[in-house]
Every structure is written in structure tokens, then in C-alpha cells.
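To keep things clear, I will list the structure first and then write my remarks on it.
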Amino acid sequence: MNHPYSYADDREEKLITTEGAEREEENIFLPKPARVLQAQPMGRTEKYFRLAFSDGSSMGHQPGQIVEASLFGYGEIPLGIASSPTREGYFDLLIRKAGRVSTALWNLEIGDTMYIRGPLGKGFPVDEFKGHDVLIVAGGIGLCPTRSMIEYIEDRREEFGHFTLFFGARTPKDQLFPNDLARWREEIDWIEYHETVDQGSPEWKGNVGVITTLFAKTSISKGCRVIICGPPIMYKFVIKELKKLGIPDAHIYVDLERRMKCGVGKCGHCQINGLYVCTDGPVFNYARIKNLEEAF
């Protein structure tokens with residue numbers, strides 16, 4: 001029986017290898033069970049999950065790719081993978097409780113099972129970043145997919161230049177991954193970490209303001225490679241700041257995780273002109289899509 005929320009049929013997909021032999025290709029419509037290893041509420045409506053496939057297989061993803069997470073009887077939702085492929089034996093997801101499917105997944109606890117299709121889409125082109133300074137600008141839940149690249153850089157530190165990370169949240173209570181934030185602030189001296197909130201609190205001693213105010217606190221090299229992920233309104237103003245610094249459009253990568261549904265380019269929900277966010281992205285080179293107003 002097919003997964004009730006996929007577009008699969010009963011035909012087996014076959015792949016001809018370079019040696020001419022046939023082997024069965026993994027069915028991208030078929031979800032695999034994954035067991036919850038850790039489950040922790042985070043922020044106001046988010047919950048962090050660490051999972052492992054029940055069959056012991058690895059995710060085998062690249063930073064920035066997505067999965068479709070599902071529960072039978074509810075449906076499925078696209079989620080950015082929040083951990084690096086260099087961390088084997090598990091993968092991390094962050095779920096924001098917003099609708100019927102996300103709430104059902106959010107309610108899972110340690111030992112429960114959710115179902116995963118993926119990895120899907122195109123992630124960050126890691127080789128394009130190697131040997132260069134890197135800036136990641138993450139707003140809100142945009143820290144989730146970019147965390148996969150942050151961990152990758154941490155585990156392959158010698159392959160990258162200076163690393164700068166900007167993170168913005170609405171309020172201190174909306175900050176995600178608090179253990180990571182504490183490490184980046186206090187323990188890892190090679191990460192130049194800057195954070196801000198839109199609205200502070202009596203206890204908050206850090207920067208208050210939109211994320212672009214963080215550019216005044218550091219200097220960014222023109223040869224830097226940049227990743228941007230966050231609310232759509234953020235992209236326009238961050239890119240304006242990058243242009244002031246003389247950073248070429250071709251050195252900017254944007255993560256457009258939005259409006260995805262099937263994850264494999266079949267349903268058309270995420271189409272932007274001739275591009276599909278789920279298969280052509282969700283990571284795009286800005287030079288390629290800068291004239292697509294609908295993208296932002």
C-alpha cells in the first residue's frame with residue numbers, strides 16, 4: 001500500500017548503473033520510520049528532535065537539504081535538517097507547532113516514531129565555501145537549516161577561512177538552540193558570533209534591533225561567501241548591506257524554504273516561475289534568482 005500522502009504508484013523504479021546492471025533505486029515517495037532519541041521544547045512554539053532511522057541507515061545529506069516528516073493519518077510537512085552529515089548516527093529536526101500535522105509531530109516524545117522521506121532538494125554547495133571566509137545570517141527559525149552548515153564548518157574547521165555568524169530573534173524567549181548559543185558566545189573563540197533581538201527584556205544585555213544592525217559591529221571581506229536564511233522581509237535588507245560591502249551576487253546563497261509540499265517537484269506549490277524550491281533549491285545562488293521578485 002502506498003503512503004496516503006505521496007504521489008507514488010506501484011511501479012518499482014530501476015536504475016541502470018555504469019556497469020550495465022540493474023539495481024532498485026530507493027523510492028523517494030516511501031517514508032522510512034525514525035525513532036525519537038531526544039525531544040525538547042525550545043522557544044515559544046518550537047520543539048527540537050534528535051532521531052535515528054530504525055533500520056540503522058544514515059541520512060546521507062548535505063547541509064541545507066530538507067526532509068518530509070509525516071505521521072500516518074495526519075500528513076507530512078517539509079523540514080530543514082538541523083545537523084551536519086559529519087555527525088553520524090542521528091539527525092536533528094526542529095518543528096514549529098502551527099497546524100494539524102506539525103502539532104501531531106510536536107507531541108511525539110522519546111521512543112516514539114515519525115516517518116521521514118529524504119534527503120531532498122539541493123543544499124549548500126560546500127565546495128564553493130572551502131578556502132573562503134564565511135558569513136551566515138540567520139533569522140528566527142532560519143537558524144535550523146543553517147545549523148547544519150555551522151556544524152559542518154565546526155567539524156571541518158581547517159577547510160574554511162574566518163567564520164562570522166549573525167543570529168536574530170524577535171525576543172530573548174524566541175531564541176533557539178540555547179546550548180549552541182552559549183557555546184558560540186563563550187566557548188568557541190574562532191566563531192565571531194553576533195546576536196540581536198527585535199524587542200529586549202529587563203534581563204537582556206545584548207543588541208536590540210533588526211539583524212542588519214549587526215553589520216556595524218564587524219568587518220566582512222569582499223571575498224566572503226554568504227548564506228542567508230530567515231523571514232522573507234529580512235533578505236532584501238541583508239542583501240542591501242552586502243552590496244554596500246561590495247560582495248558579488250554570485251557569492252551570496254539564499255535558503256528559500258517556503259510553500260513546499262510534496263518535496264519532489266510534482267505538486268507545484270513551491271513553483272517560482274520555472275523553478276521549484278523543493279528540487280532546484282531550497283538553496284539558491286542569489287545571482288540566479290535575484291530578478292524573481294516572487295522569490296522574496
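Naming works like this for the C-alpha cells: A, B, ... for the chains as they're shown, residue 1 at the start of each chain, ligands 1 onward in shown order.
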
For this session: For Ile153 in chain A, list every protein, DNA or RNA residue within 12 Å, evaluated using only C-alpha atoms, and leave out those in the same chain fewer than 2 positions away; present the list as an NGL selection string.
Result: :A and (63 or 83-87 or 124 or 126-127 or 129-136 or 146-151 or 155-165 or 190-191)

Give me the range 141-190 of chain A side of the contact with range 251-264 of chain A, cut-off 12 Å, one line per residue showing its nearest atom pair and distance in Å at one decimal, counting only C-alpha atoms, sorted by chain and residue number, as CSV.
residue,atom,partner,partner_atom,distance
A:Ile141,CA,A:Glu257,CA,10.6
A:Gly142,CA,A:Asp255,CA,8.4
A:Leu143,CA,A:Asp255,CA,10.9
A:Cys144,CA,A:Glu257,CA,10.9
A:Pro145,CA,A:Asp255,CA,8.4
A:Thr146,CA,A:Asp255,CA,8.7
A:Met149,CA,A:Asp255,CA,11.9

Next, the residues of the selection above should be written as an mmCIF file, in the first residue's frame with C-alpha atoms.
data_model
loop_
_atom_site.group_PDB
_atom_site.id
_atom_site.type_symbol
_atom_site.label_atom_id
_atom_site.label_comp_id
_atom_site.auth_asym_id
_atom_site.auth_seq_id
_atom_site.Cartn_x
_atom_site.Cartn_y
_atom_site.Cartn_z
ATOM 1 C CA ILE A 141 13.760 29.549 12.666
ATOM 2 C CA GLY A 142 16.252 30.148 9.840
ATOM 3 C CA LEU A 143 18.874 29.029 12.347
ATOM 4 C CA CYS A 144 17.557 25.488 11.925
ATOM 5 C CA PRO A 145 18.769 24.654 8.368
ATOM 6 C CA THR A 146 21.856 26.844 8.701
ATOM 7 C CA MET A 149 26.325 24.213 7.845
#

DSSP on the backbone, strand (DSSP E or B) only: what residues of range 163-226 of chain A does that give? Format it as a PDB file with N, CA and C atoms, in the first residue's frame.
ATOM      1  N   PHE A 163      35.081  32.710  10.155  1.00  0.00           N
ATOM      2  CA  PHE A 163      33.655  32.391  10.188  1.00  0.00           C
ATOM      3  C   PHE A 163      32.911  33.365  11.090  1.00  0.00           C
ATOM      4  N   THR A 164      31.911  34.048  10.509  1.00  0.00           N
ATOM      5  CA  THR A 164      31.081  35.007  11.234  1.00  0.00           C
ATOM      6  C   THR A 164      29.634  34.539  11.187  1.00  0.00           C
ATOM      7  N   LEU A 165      28.950  34.633  12.320  1.00  0.00           N
ATOM      8  CA  LEU A 165      27.558  34.198  12.415  1.00  0.00           C
ATOM      9  C   LEU A 165      26.719  35.312  13.021  1.00  0.00           C
ATOM     10  N   PHE A 166      25.657  35.710  12.295  1.00  0.00           N
ATOM     11  CA  PHE A 166      24.654  36.639  12.808  1.00  0.00           C
ATOM     12  C   PHE A 166      23.379  35.852  13.085  1.00  0.00           C
ATOM     13  N   PHE A 167      22.791  36.085  14.260  1.00  0.00           N
ATOM     14  CA  PHE A 167      21.508  35.449  14.575  1.00  0.00           C
ATOM     15  C   PHE A 167      20.568  36.476  15.181  1.00  0.00           C
ATOM     16  N   GLY A 168      19.355  36.557  14.628  1.00  0.00           N
ATOM     17  CA  GLY A 168      18.354  37.471  15.133  1.00  0.00           C
ATOM     18  C   GLY A 168      17.076  36.747  15.506  1.00  0.00           C
ATOM     19  N   ALA A 169      16.435  37.190  16.595  1.00  0.00           N
ATOM     20  CA  ALA A 169      15.171  36.621  17.047  1.00  0.00           C
ATOM     21  C   ALA A 169      14.240  37.764  17.454  1.00  0.00           C
ATOM     22  N   ILE A 191      34.605  31.298  16.242  1.00  0.00           N
ATOM     23  CA  ILE A 191      33.349  31.789  15.685  1.00  0.00           C
ATOM     24  C   ILE A 191      33.154  33.231  16.139  1.00  0.00           C
ATOM     25  N   GLU A 192      33.057  34.142  15.188  1.00  0.00           N
ATOM     26  CA  GLU A 192      32.713  35.516  15.523  1.00  0.00           C
ATOM     27  C   GLU A 192      31.180  35.605  15.538  1.00  0.00           C
ATOM     28  N   TYR A 193      30.634  35.534  16.715  1.00  0.00           N
ATOM     29  CA  TYR A 193      29.179  35.414  16.873  1.00  0.00           C
ATOM     30  C   TYR A 193      28.573  36.737  17.330  1.00  0.00           C
ATOM     31  N   HIS A 194      27.533  37.179  16.604  1.00  0.00           N
ATOM     32  CA  HIS A 194      26.798  38.388  16.957  1.00  0.00           C
ATOM     33  C   HIS A 194      25.309  38.058  16.956  1.00  0.00           C
ATOM     34  N   GLU A 195      24.592  38.553  17.953  1.00  0.00           N
ATOM     35  CA  GLU A 195      23.163  38.266  18.056  1.00  0.00           C
ATOM     36  C   GLU A 195      22.384  39.534  18.372  1.00  0.00           C
ATOM     37  N   THR A 196      21.102  39.512  18.039  1.00  0.00           N
ATOM     38  CA  THR A 196      20.233  40.640  18.315  1.00  0.00           C
ATOM     39  C   THR A 196      18.809  40.145  18.507  1.00  0.00           C
ATOM     40  N   VAL A 197      17.984  40.960  19.148  1.00  0.00           N
ATOM     41  CA  VAL A 197      16.553  40.692  19.273  1.00  0.00           C
ATOM     42  C   VAL A 197      15.807  41.953  18.865  1.00  0.00           C
ATOM     43  N   ASN A 207      22.372  43.187  21.974  1.00  0.00           N
ATOM     44  CA  ASN A 207      21.913  44.155  20.990  1.00  0.00           C
ATOM     45  C   ASN A 207      20.402  44.071  20.804  1.00  0.00           C
ATOM     46  N   VAL A 208      19.773  45.229  20.617  1.00  0.00           N
ATOM     47  CA  VAL A 208      18.344  45.299  20.294  1.00  0.00           C
ATOM     48  C   VAL A 208      18.216  46.029  18.962  1.00  0.00           C
ATOM     49  N   ARG A 225      31.951  34.334   1.423  1.00  0.00           N
ATOM     50  CA  ARG A 225      30.759  33.630   0.942  1.00  0.00           C
ATOM     51  C   ARG A 225      29.678  33.754   2.008  1.00  0.00           C
ATOM     52  N   VAL A 226      28.445  34.031   1.563  1.00  0.00           N
ATOM     53  CA  VAL A 226      27.378  34.391   2.498  1.00  0.00           C
ATOM     54  C   VAL A 226      26.181  33.464   2.330  1.00  0.00           C
TER      55      VAL A 226
END

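Taking CA of Arg96 in chain A and CA of Glu109 in chain A as the two end points, the separation is 14.9 Å.
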
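Comparing A:Asp189, A:Asp249, A:Asp198, A:Asp112 by their smallest distance to Ala39 in chain A, the closest is A:Asp112 (using only C-alpha atoms).
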
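The residue that comes closest to Gly56 in chain A, out of A:Phe72, A:Phe29, A:Tyr90, A:Tyr286 and on the basis of only C-alpha atoms, is A:Tyr90.
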
Do you have, as a Markdown table, the list of residues of range 118-174 of chain A lying at most 12 Å from range 275-280 of chain A, each with its nearest atom pair and that distance in Å to one decimal, counting only C-alpha atoms and ordered by chain then number?
| residue | atom | partner | partner_atom | distance |
| --- | --- | --- | --- | --- |
| A:Gly118 | CA | A:Cys278 | CA | 11.3 |
| A:Pro119 | CA | A:Cys278 | CA | 10.8 |
| A:Leu120 | CA | A:Thr279 | CA | 7.2 |
| A:Gly121 | CA | A:Thr279 | CA | 4.5 |
| A:Lys122 | CA | A:Asp280 | CA | 6.4 |
| A:Gly123 | CA | A:Asp280 | CA | 9.6 |
| A:Phe124 | CA | A:Asp280 | CA | 11.9 |
